[in-house]
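K.L.:
Okay, handing you the structure first.
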Amino acid sequence: MKEAKRFLQEKDHFAKHAGIELLVVEAGYAKARMEIRDFHLNGANIVHGGAIFTMADFVFAAAVNSHDQIAVGINASISYVKAATTGVLVAEAKEISLNRKLGNYIVEIRDEQDDLIAVFQGTAYRTTKKHQWAEGGLPLP
């Protein structure tokens, strides 16, 4: 899993640009953090929904790809339940079902007080191809 975490953190340029740090990747699970900065805020001076969605989508991607198979999101939805303005947000993705072709995940985004900020649900399509870091996977560039 260490290789998967390193690869995903280095290769997801948008997540890196948004300041999202991948903390943990385990089978069917991932956790990330994002320190709220001025560029994350919208015109109402709260964290932009797109920043929260980006964080949720990134940790979802890490969890769905943790099984060493290339997987891509095919559906996602998010509910924003509380505004965030300062501090650090933490996102945790947990696998709720997995079969040969599909995986379903729930992501919770929480603030430093452990208050729920948003809930994301995602479905991923699992290809038959293995990741570059997996044994027998695609060669590294």
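Naming scheme: A, B, ... for chains in displayed order of the structure tokens; residues 1 onward per chain; ligands 1 onward as shown.
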Please list as a VMD selection string every residue within 10 Å of Val72 in chain A, counting only C-alpha atoms and excluding residues in the same chain fewer than 3 positions away.

P.N.:
chain A and resid 60 to 61 64 to 65 69 75 102 to 103 123 to 127

K.L.:
Would you put the residues from that selection into a file with C-alpha atoms, as an mmCIF file, in the first residue's frame?

P.N.:
data_model
loop_
_atom_site.group_PDB
_atom_site.id
_atom_site.type_symbol
_atom_site.label_atom_id
_atom_site.label_comp_id
_atom_site.auth_asym_id
_atom_site.auth_seq_id
_atom_site.Cartn_x
_atom_site.Cartn_y
_atom_site.Cartn_z
ATOM 1 C CA PHE A 60 -12.473 8.043 -3.011
ATOM 2 C CA ALA A 61 -10.030 7.447 -5.879
ATOM 3 C CA VAL A 64 -11.129 2.401 -4.981
ATOM 4 C CA ASN A 65 -7.663 1.913 -6.428
ATOM 5 C CA GLN A 69 -6.813 -2.777 -10.077
ATOM 6 C CA ASN A 75 -21.143 8.065 -10.297
ATOM 7 C CA LEU A 102 -18.104 -2.321 -9.117
ATOM 8 C CA GLY A 103 -17.168 -0.784 -5.807
ATOM 9 C CA THR A 123 -19.424 4.161 -7.358
ATOM 10 C CA ALA A 124 -16.379 2.969 -9.269
ATOM 11 C CA TYR A 125 -15.977 0.681 -12.265
ATOM 12 C CA ARG A 126 -13.115 -1.780 -11.734
ATOM 13 C CA THR A 127 -11.136 -2.636 -14.872
#

K.L.:
Using only C-alpha atoms, which protein or nucleic acid residues come within 10 Å of Phe39 in chain A? Drop anything in the same chain fewer than 6 positions from it, and give the result as an MDAnalysis selection string.

P.N.:
chainID A and resid 18 47:48 51

K.L.:
Neighbouring residues of Leu89 in chain A were defined as those with any atom within 10 Å, considering only C-alpha atoms; residues of the same chain fewer than 6 positions away were excluded. Please report them as an MDAnalysis selection string.

P.N.:
chainID A and resid 20 32:36 52 55 109:117

K.L.:
Could the residues in this selection be saved with N, CA and C atoms as a JSON list (two decimals), in the first residue's frame?

P.N.:
[["chain", "number", "residue", "atom", "x", "y", "z"],
["A", 20, "ILE", "N", -4.11, 18.96, -1.00],
["A", 20, "ILE", "CA", -4.65, 17.79, -0.31],
["A", 20, "ILE", "C", -3.52, 16.79, -0.09],
["A", 32, "ALA", "N", -7.37, 11.48, 3.99],
["A", 32, "ALA", "CA", -6.60, 12.63, 3.52],
["A", 32, "ALA", "C", -6.95, 13.85, 4.36],
["A", 33, "ARG", "N", -6.10, 14.86, 4.27],
["A", 33, "ARG", "CA", -6.33, 16.11, 4.99],
["A", 33, "ARG", "C", -6.08, 17.28, 4.05],
["A", 34, "MET", "N", -6.74, 18.40, 4.37],
["A", 34, "MET", "CA", -6.55, 19.62, 3.59],
["A", 34, "MET", "C", -6.64, 20.80, 4.55],
["A", 35, "GLU", "N", -5.55, 21.54, 4.63],
["A", 35, "GLU", "CA", -5.56, 22.77, 5.42],
["A", 35, "GLU", "C", -6.28, 23.84, 4.61],
["A", 36, "ILE", "N", -7.29, 24.44, 5.21],
["A", 36, "ILE", "CA", -8.07, 25.46, 4.50],
["A", 36, "ILE", "C", -7.21, 26.70, 4.31],
["A", 52, "ILE", "N", -14.26, 20.98, -1.51],
["A", 52, "ILE", "CA", -14.67, 19.83, -0.69],
["A", 52, "ILE", "C", -14.91, 18.62, -1.58],
["A", 55, "MET", "N", -11.59, 17.12, -2.67],
["A", 55, "MET", "CA", -10.99, 16.33, -1.59],
["A", 55, "MET", "C", -11.68, 14.97, -1.46],
["A", 109, "ILE", "N", -16.40, 13.94, 5.28],
["A", 109, "ILE", "CA", -15.46, 15.04, 5.45],
["A", 109, "ILE", "C", -15.81, 15.72, 6.76],
["A", 110, "ARG", "N", -14.82, 15.84, 7.62],
["A", 110, "ARG", "CA", -15.04, 16.42, 8.96],
["A", 110, "ARG", "C", -14.03, 17.52, 9.23],
["A", 111, "ASP", "N", -14.41, 18.43, 10.14],
["A", 111, "ASP", "CA", -13.50, 19.50, 10.54],
["A", 111, "ASP", "C", -12.72, 19.08, 11.78],
["A", 112, "GLU", "N", -11.93, 20.01, 12.33],
["A", 112, "GLU", "CA", -11.08, 19.71, 13.48],
["A", 112, "GLU", "C", -11.87, 19.40, 14.74],
["A", 113, "GLN", "N", -13.12, 19.83, 14.80],
["A", 113, "GLN", "CA", -13.98, 19.53, 15.95],
["A", 113, "GLN", "C", -14.73, 18.22, 15.75],
["A", 114, "ASP", "N", -14.42, 17.51, 14.67],
["A", 114, "ASP", "CA", -15.06, 16.25, 14.28],
["A", 114, "ASP", "C", -16.51, 16.45, 13.85],
["A", 115, "ASP", "N", -16.87, 17.69, 13.50],
["A", 115, "ASP", "CA", -18.21, 17.96, 12.97],
["A", 115, "ASP", "C", -18.25, 17.53, 11.51],
["A", 116, "LEU", "N", -19.36, 16.92, 11.11],
["A", 116, "LEU", "CA", -19.54, 16.47, 9.75],
["A", 116, "LEU", "C", -19.77, 17.68, 8.84],
["A", 117, "ILE", "N", -18.97, 17.80, 7.80],
["A", 117, "ILE", "CA", -19.07, 18.90, 6.84],
["A", 117, "ILE", "C", -19.81, 18.44, 5.58]]

K.L.:
What parts of range 3-133 of chain A does DSSP call helix (DSSP H, G or I)? I'd like the answer as a ChimeraX atom specification.

P.N.:
/A:3-11,13-17,38-40,49-64

K.L.:
If you run DSSP on the backbone, which residues of chain A are strand (DSSP E), as a tab-separated table (two decimals) with C-alpha atoms, in the first residue's frame?

P.N.:
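Now in states_10.tsv:
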chain	number	residue	atom	x	y	z
A	20	ILE	CA	-4.65	17.79	-0.31
A	21	GLU	CA	-2.34	15.39	1.53
A	22	LEU	CA	-3.01	11.66	1.37
A	23	LEU	CA	-2.41	10.22	4.85
A	24	VAL	CA	-3.42	6.55	4.66
A	25	VAL	CA	-4.24	4.02	1.95
A	26	GLU	CA	-5.34	0.53	2.97
A	29	TYR	CA	-9.95	2.64	2.82
A	30	ALA	CA	-8.18	5.99	2.47
A	31	LYS	CA	-7.75	9.15	4.53
A	32	ALA	CA	-6.60	12.63	3.52
A	33	ARG	CA	-6.33	16.11	4.99
A	34	MET	CA	-6.55	19.62	3.59
A	35	GLU	CA	-5.56	22.77	5.42
A	69	GLN	CA	-6.81	-2.78	-10.08
A	70	ILE	CA	-7.34	0.36	-12.12
A	71	ALA	CA	-10.75	1.73	-11.13
A	72	VAL	CA	-12.56	4.87	-12.26
A	73	GLY	CA	-15.52	6.71	-10.80
A	74	ILE	CA	-18.79	6.31	-12.71
A	75	ASN	CA	-21.14	8.06	-10.30
A	76	ALA	CA	-20.80	10.43	-7.37
A	77	SER	CA	-23.01	12.59	-5.22
A	78	ILE	CA	-22.33	14.85	-2.28
A	79	SER	CA	-24.39	16.44	0.47
A	80	TYR	CA	-23.00	19.50	2.23
A	88	VAL	CA	-8.15	21.52	8.63
A	89	LEU	CA	-10.59	19.19	6.94
A	90	VAL	CA	-10.15	15.41	7.04
A	91	ALA	CA	-11.78	13.03	4.57
A	92	GLU	CA	-12.17	9.30	5.14
A	93	ALA	CA	-13.31	6.90	2.41
A	94	LYS	CA	-14.71	3.51	3.37
A	95	GLU	CA	-15.69	0.68	1.10
A	96	ILE	CA	-19.28	-0.42	1.57
A	97	SER	CA	-19.50	-3.04	-1.20
A	98	LEU	CA	-17.15	-4.58	-3.74
A	102	LEU	CA	-18.10	-2.32	-9.12
A	103	GLY	CA	-17.17	-0.78	-5.81
A	104	ASN	CA	-19.30	1.51	-3.65
A	105	TYR	CA	-17.81	3.93	-1.14
A	106	ILE	CA	-18.87	6.49	1.42
A	107	VAL	CA	-16.64	9.47	2.19
A	108	GLU	CA	-17.13	11.64	5.25
A	109	ILE	CA	-15.46	15.04	5.45
A	110	ARG	CA	-15.04	16.42	8.96
A	116	LEU	CA	-19.54	16.47	9.75
A	117	ILE	CA	-19.07	18.90	6.84
A	118	ALA	CA	-20.13	16.72	3.90
A	119	VAL	CA	-21.00	13.17	2.88
A	120	PHE	CA	-19.98	11.84	-0.54
A	121	GLN	CA	-21.14	8.58	-2.11
A	122	GLY	CA	-19.27	7.17	-5.07
A	123	THR	CA	-19.42	4.16	-7.36
A	124	ALA	CA	-16.38	2.97	-9.27
A	125	TYR	CA	-15.98	0.68	-12.26
A	126	ARG	CA	-13.11	-1.78	-11.73
A	127	THR	CA	-11.14	-2.64	-14.87
A	128	THR	CA	-9.17	-5.86	-15.29
A	129	LYS	CA	-5.89	-3.93	-15.60
A	130	LYS	CA	-3.46	-3.78	-12.70

K.L.:
To one decimal in Å, tell me the separation between CA of Lys5 in chain A and CA of Asn99 in chain A.

P.N.:
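Value for the CA of Lys5 in chain A-CA of Asn99 in chain A distance: 22.4 Å.
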
K.L.:
What is the distance, in Å and to one decimal place, between CA of His17 in chain A and CA of Gly43 in chain A?

P.N.:
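Here the two named atoms are 20.2 Å from each other.
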
K.L.:
I'd like to know which of A:Ala134, A:Ala56, A:Ala83, A:Ile46 is closest to Ala4 in chain A, using only C-alpha atoms.

P.N.:
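Smallest distance to Ala4 in chain A is found for A:Ala134.
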
K.L.:
When distances are computed from only C-alpha atoms, which of A:Gly87, A:Gly28, A:Phe14, A:Lys2 shows the smallest separation from His67 in chain A?

P.N.:
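Of all the options, A:Gly28 lies closest to His67 in chain A.
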